[in-house]
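Shown here: input-v6.cif, mmCIF, C-alpha atoms.
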```
data_input
loop_
_atom_site.label_atom_id
_atom_site.label_comp_id
_atom_site.auth_asym_id
_atom_site.auth_seq_id
_atom_site.Cartn_x
_atom_site.Cartn_y
_atom_site.Cartn_z
CA MET F 623 -16.60 2.93 7.90
CA ILE F 624 -13.77 2.77 5.37
CA ILE F 625 -10.97 5.33 5.35
CA ALA F 626 -9.10 5.07 2.05
CA ILE F 627 -5.52 6.37 1.91
CA ASP F 628 -3.86 6.38 -1.50
CA GLY F 629 -0.56 7.79 -2.66
CA PRO F 630 2.82 7.08 -4.24
CA ALA F 631 5.83 5.32 -2.73
CA GLY F 632 7.41 7.07 0.23
CA SER F 633 4.47 9.35 0.93
CA GLY F 634 4.06 7.98 4.45
CA LYS F 635 0.89 5.98 3.78
CA SER F 636 1.75 2.95 5.87
CA THR F 637 2.87 4.77 9.01
CA ILE F 638 0.02 7.26 8.89
CA ALA F 639 -2.59 4.60 8.09
CA LYS F 640 -1.41 2.49 11.04
CA ASN F 641 -1.41 5.47 13.40
CA THR F 642 -4.88 6.51 12.23
CA ALA F 643 -6.22 3.00 12.72
CA GLN F 644 -4.83 2.82 16.26
CA LEU F 645 -6.19 6.22 17.29
CA LEU F 646 -9.66 5.41 15.96
CA GLY F 647 -9.72 1.79 17.04
CA PHE F 648 -10.08 0.66 13.41
CA ARG F 649 -8.60 -2.34 11.67
CA TYR F 650 -5.84 -1.85 9.10
CA LEU F 651 -5.21 -3.29 5.65
CA ASP F 652 -2.06 -2.72 3.59
CA THR F 653 -3.07 -3.65 0.04
CA GLY F 654 0.37 -2.88 -1.35
CA ALA F 655 1.80 -5.66 0.79
CA MET F 656 -0.50 -8.08 -1.01
CA TYR F 657 0.91 -7.17 -4.43
CA ARG F 658 4.41 -7.38 -2.99
CA ALA F 659 3.66 -10.87 -1.66
CA ILE F 660 2.62 -11.93 -5.17
CA ALA F 661 5.92 -10.55 -6.49
CA VAL F 662 7.91 -12.52 -3.91
CA ARG F 663 5.99 -15.69 -4.74
CA ALA F 664 6.59 -15.13 -8.47
CA ARG F 665 10.31 -14.68 -7.86
CA ASP F 666 10.49 -17.84 -5.77
CA LEU F 667 8.68 -19.83 -8.47
CA ASP F 668 10.84 -18.31 -11.22
CA VAL F 669 7.78 -16.68 -12.79
CA ALA F 670 8.41 -13.64 -14.99
CA TYR F 671 6.88 -10.45 -13.64
CA ASP F 672 5.00 -9.93 -16.92
CA ASP F 673 3.64 -13.48 -17.17
CA SER F 674 -0.03 -12.65 -16.62
CA ASP F 675 -1.30 -16.24 -16.66
CA ALA F 676 1.19 -17.46 -14.07
CA LEU F 677 0.71 -14.36 -11.91
CA SER F 678 -3.06 -14.81 -12.09
CA HIS F 679 -2.70 -18.42 -10.92
CA ILE F 680 -0.67 -17.26 -7.90
CA ALA F 681 -3.19 -14.53 -7.04
CA ASN F 682 -6.14 -16.90 -7.27
CA HIS F 683 -4.65 -20.01 -5.63
CA ASP F 684 -1.96 -18.95 -3.11
CA ALA F 685 -3.68 -17.59 -0.02
CA ILE F 686 -2.43 -14.32 1.46
CA GLU F 687 -2.74 -13.94 5.23
CA PHE F 688 -1.99 -11.12 7.65
CA ARG F 689 -1.02 -12.22 11.16
CA PHE F 690 -0.37 -10.52 14.47
CA VAL F 691 2.68 -10.45 16.67
CA ASP F 692 1.74 -11.05 20.32
CA ASN F 693 0.68 -7.87 22.14
CA GLU F 694 0.64 -5.76 18.96
CA PRO F 695 -2.67 -4.05 18.06
CA LEU F 696 -2.26 -4.30 14.27
CA PRO F 697 -1.15 -7.17 12.02
CA SER F 698 2.50 -6.80 11.01
CA ARG F 699 3.32 -10.18 9.43
CA ILE F 700 2.30 -11.34 5.97
CA PHE F 701 2.25 -14.87 4.55
CA ILE F 702 1.59 -16.27 1.09
CA ALA F 703 1.01 -19.97 0.45
CA GLY F 704 1.86 -20.54 4.11
CA GLU F 705 5.32 -18.91 3.85
CA GLU F 706 6.18 -15.73 5.72
CA VAL F 707 7.44 -12.94 3.43
CA THR F 708 7.27 -10.01 5.88
CA ALA F 709 10.90 -8.97 5.42
CA GLU F 710 11.23 -9.94 1.76
CA ILE F 711 8.42 -7.71 0.51
CA ARG F 712 10.38 -4.59 1.54
CA THR F 713 13.59 -5.27 -0.37
CA PRO F 714 14.74 -3.07 -3.29
CA GLU F 715 14.26 -6.04 -5.64
CA ILE F 716 10.56 -6.25 -4.78
CA ASP F 717 10.26 -2.44 -4.84
CA LYS F 718 11.04 -2.70 -8.54
CA ALA F 719 9.03 -5.87 -9.21
CA VAL F 720 5.76 -4.73 -7.66
CA SER F 721 4.84 -2.21 -10.38
CA PRO F 722 4.70 -4.71 -13.28
CA VAL F 723 3.01 -7.28 -11.06
CA SER F 724 0.36 -4.82 -9.92
CA ALA F 725 -0.27 -3.74 -13.52
CA CYS F 726 -1.54 -7.25 -14.35
CA GLU F 727 -5.33 -6.96 -14.73
CA SER F 728 -6.15 -10.47 -13.54
CA VAL F 729 -3.99 -10.02 -10.44
CA ARG F 730 -5.76 -6.77 -9.61
CA GLU F 731 -9.17 -8.39 -10.08
CA ALA F 732 -8.27 -11.23 -7.73
CA LEU F 733 -6.77 -9.02 -5.05
CA VAL F 734 -9.48 -6.36 -5.19
CA ALA F 735 -12.05 -9.09 -4.53
CA GLN F 736 -9.98 -10.31 -1.58
CA GLN F 737 -9.53 -6.76 -0.24
CA ARG F 738 -13.27 -6.13 -0.34
CA ALA F 739 -13.95 -9.42 1.41
CA MET F 740 -11.35 -8.72 4.11
CA SER F 741 -12.83 -5.29 4.82
CA ALA F 742 -16.50 -6.21 4.51
CA TYR F 743 -17.15 -6.14 8.24
CA GLY F 744 -16.07 -3.52 10.75
CA ASP F 745 -14.20 -0.23 10.44
CA TYR F 746 -11.01 -0.19 8.37
CA VAL F 747 -8.19 2.09 7.33
CA VAL F 748 -7.14 0.74 3.92
CA GLU F 749 -4.07 2.02 2.14
CA GLY F 750 -2.81 1.53 -1.39
CA ARG F 751 -2.92 3.17 -4.80
CA ASP F 752 -6.49 2.64 -6.02
CA ILE F 753 -8.49 2.32 -2.81
CA GLY F 754 -10.59 5.46 -3.23
CA THR F 755 -10.94 5.09 -6.99
CA VAL F 756 -11.50 1.33 -7.46
CA VAL F 757 -11.54 -0.82 -4.34
CA PHE F 758 -13.81 1.36 -2.18
CA PRO F 759 -15.20 4.19 -4.32
CA ASP F 760 -17.86 4.81 -1.65
CA ALA F 761 -15.37 5.12 1.23
CA ALA F 762 -16.52 7.62 3.85
CA VAL F 763 -13.13 9.35 3.87
CA LYS F 764 -10.71 9.43 0.94
CA ILE F 765 -7.19 10.74 1.24
CA PHE F 766 -4.58 11.17 -1.47
CA LEU F 767 -1.28 11.53 0.35
CA THR F 768 1.82 12.68 -1.43
CA ALA F 769 5.11 14.54 -0.96
CA GLY F 770 7.87 15.84 -3.19
CA PRO F 771 9.98 13.10 -4.82
CA GLU F 772 13.17 14.23 -3.06
CA GLU F 773 11.47 14.08 0.33
CA ARG F 774 9.99 10.66 -0.42
CA ALA F 775 13.41 9.41 -1.52
CA ARG F 776 14.94 10.75 1.68
CA ARG F 777 12.33 8.91 3.76
CA ARG F 778 12.69 5.68 1.83
CA THR F 779 16.50 5.81 2.04
CA ALA F 780 16.36 6.29 5.81
CA GLN F 781 13.77 3.53 6.13
CA ASN F 782 15.89 1.07 4.17
CA LEU F 783 19.00 1.87 6.20
CA GLU F 784 17.03 1.31 9.42
CA ARG F 785 16.11 -2.14 8.10
CA GLY F 786 19.74 -2.94 7.33
CA ILE F 787 19.23 -2.59 3.56
CA ASP F 788 21.91 -0.76 1.56
CA ALA F 789 20.40 2.40 0.11
CA ASP F 790 21.80 5.24 -1.97
CA PHE F 791 19.68 8.42 -2.12
CA GLU F 792 20.21 9.09 -5.83
CA THR F 793 19.34 5.50 -6.75
CA VAL F 794 16.24 5.53 -4.56
CA LEU F 795 15.17 8.88 -6.05
CA ALA F 796 15.56 7.57 -9.61
CA ASP F 797 13.55 4.45 -8.72
CA ILE F 798 10.76 6.55 -7.15
CA ILE F 799 10.51 8.82 -10.17
CA LYS F 800 10.42 5.81 -12.48
CA ARG F 801 7.75 4.09 -10.39
CA ASP F 802 5.64 7.27 -10.23
CA GLU F 803 5.64 7.42 -14.01
CA TYR F 804 4.84 3.72 -14.38
CA ASP F 805 2.06 3.69 -11.81
CA SER F 806 0.38 6.89 -12.98
CA THR F 807 0.32 5.94 -16.67
CA ARG F 808 -0.60 2.25 -16.56
CA ASP F 809 -3.84 1.24 -18.22
CA ILE F 810 -5.26 -0.67 -15.23
CA SER F 811 -6.11 1.34 -12.09
CA PRO F 812 -3.53 4.10 -12.57
CA LEU F 813 -2.33 6.00 -9.52
CA ALA F 814 -4.56 9.07 -9.29
CA PRO F 815 -6.59 10.85 -6.62
CA ALA F 816 -10.32 10.17 -6.50
CA GLU F 817 -12.37 13.20 -7.51
CA ASP F 818 -13.65 13.59 -3.96
CA ALA F 819 -10.37 12.80 -2.19
CA VAL F 820 -8.76 15.24 0.21
CA GLN F 821 -5.25 15.79 -1.16
CA ILE F 822 -2.49 16.22 1.41
CA ASP F 823 1.10 17.14 0.55
CA SER F 824 3.09 15.94 3.53
CA THR F 825 6.46 17.30 2.39
CA MET F 826 6.64 19.85 5.23
CA MET F 827 4.32 18.04 7.66
CA THR F 828 5.01 15.69 10.54
CA ILE F 829 3.48 12.22 10.77
CA ASP F 830 1.47 13.26 13.82
CA TYR F 831 0.09 16.35 12.08
CA VAL F 832 -1.12 14.39 9.05
CA THR F 833 -2.54 11.65 11.26
CA ASP F 834 -4.52 14.23 13.25
CA LEU F 835 -5.89 15.72 10.02
CA ILE F 836 -7.22 12.36 8.89
CA VAL F 837 -8.59 11.43 12.32
CA ASN F 838 -10.49 14.73 12.42
CA LEU F 839 -11.89 14.12 8.93
CA ALA F 840 -13.08 10.68 10.05
CA ARG F 841 -14.77 12.11 13.13
CA GLU F 842 -16.45 14.77 11.02
CA ALA F 843 -17.71 12.07 8.65
CA VAL F 844 -19.19 10.15 11.60
CA ALA F 845 -20.85 13.31 12.90
CA ASP F 846 -22.43 13.98 9.52
#
```
Can I see the file as structure tokens?
Amino acid sequence: MIIAIDGPAGSGKSTIAKNTAQLLGFRYLDTGAMYRAIAVRARDLDVAYDDSDALSHIANHDAIEFRFVDNEPLPSRIFIAGEEVTAEIRTPEIDKAVSPVSACESVREALVAQQRAMSAYGDYVVEGRDIGTVVFPDAAVKIFLTAGPEERARRRTAQNLERGIDADFETVLADIIKRDEYDSTRDISPLAPAEDAVQIDSTMMTIDYVTDLIVNLAREAVAD
């Protein structure tokens, strides 16, 4: 079974997808981290974020791997071309770089193929922006998770501060609004809910409440 969770930045996808996977005993795949890894690799190689040929070469030749920390149930480390980029993919610089990188058609083609291969066997919770619409259009459960931009900015600001990253609410809010516009209007795999997705606005909901909603939907899908 595939549970697809899509949504914009700061909607709580990662935390809720991880919690859902743990409660159900599923595996977990963060597709956004893969695009972020490409962005880090491009930066390190001094590749422009709109250089489609160079980005395509990275996506097709530099292996992306998810690895576990001892005694953790889900993979939390990510590597590209053998180099760990776990911390780097969450910096404000990469927050801004990931949209143009993920808009590159050849990069998306390469990573979608990898995402399908990674999730071909077993039960997975897969999160991203086009999982229910492009990567797994036949997913058993499709969720489009969102929240108001101010709430998402508040969450992202708090998250960055917890990681030791300087964060200003107004700057984060402006970046989120800009990224929403970019991601929802791009030509390739725009951010949008699948027609059969369950849409959840988590603005006034707790993480546990949303997780329980999705777990119950998954159990209902199994029962059917």
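From atom CA of Glu731 of chain F back to atom CA of Pro771 of chain F, the distance works out to 29.3 Å.
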So which residues get picked by the PyMOL selection byres ((chain F and resi 833) around 12) here, written as number ranges by chain? F: 627, 634-646, 747, 765, 767, 822, 824, 827-832, 834-840
For the structure provided, state which residues fall under the PyMOL selection byres ((chain F and resi 662) around 8), and present them as a ChimeraX atom specification. /F:658-661,663-666,707,710-711,716
Between F:Phe766, F:Phe688, F:Phe701, F:Phe758, which one has atoms that come closest to Leu651 of chain F, using only C-alpha atoms?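 Going through F:Phe766, F:Phe688, F:Phe701, F:Phe758 one by one, the smallest distance to Leu651 of chain F is for F:Phe688.
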Could you spell out the hits of the PyMOL selection byres ((chain F and resi 770) around 9) on the shown file, as a ChimeraX atom specification? /F:633,768-769,771-775,823-825
At what distance in Å, to one decimal, does atom CA of Arg699 of chain F lie from atom CA of Ala780 of chain F?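 The value is 21.3 Å.
Nearest-residue note for Lys800 of chain F: choosing from F:Arg712, F:Arg689, F:Lys718, F:His683, the minimum distance belongs to F:Lys718, counting all atoms listed in the file.
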Pick the closest to Ile625 of chain F from F:Arg738, F:Lys764, F:Arg841, F:Arg730: which is it, counting all atoms listed in the file?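 Residue with the minimum atom-to-atom distance to Ile625 of chain F: F:Lys764.
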Atomic distance atom CA of Glu803 of chain F - atom CA of Ala719 of chain F, expressed in Å with one decimal: 14.5 Å
Tell me which of F:Leu813, F:Ile787, F:Leu667, F:Ala676 sits closest to Ser721 of chain F, counting all atoms listed in the file. F:Leu813
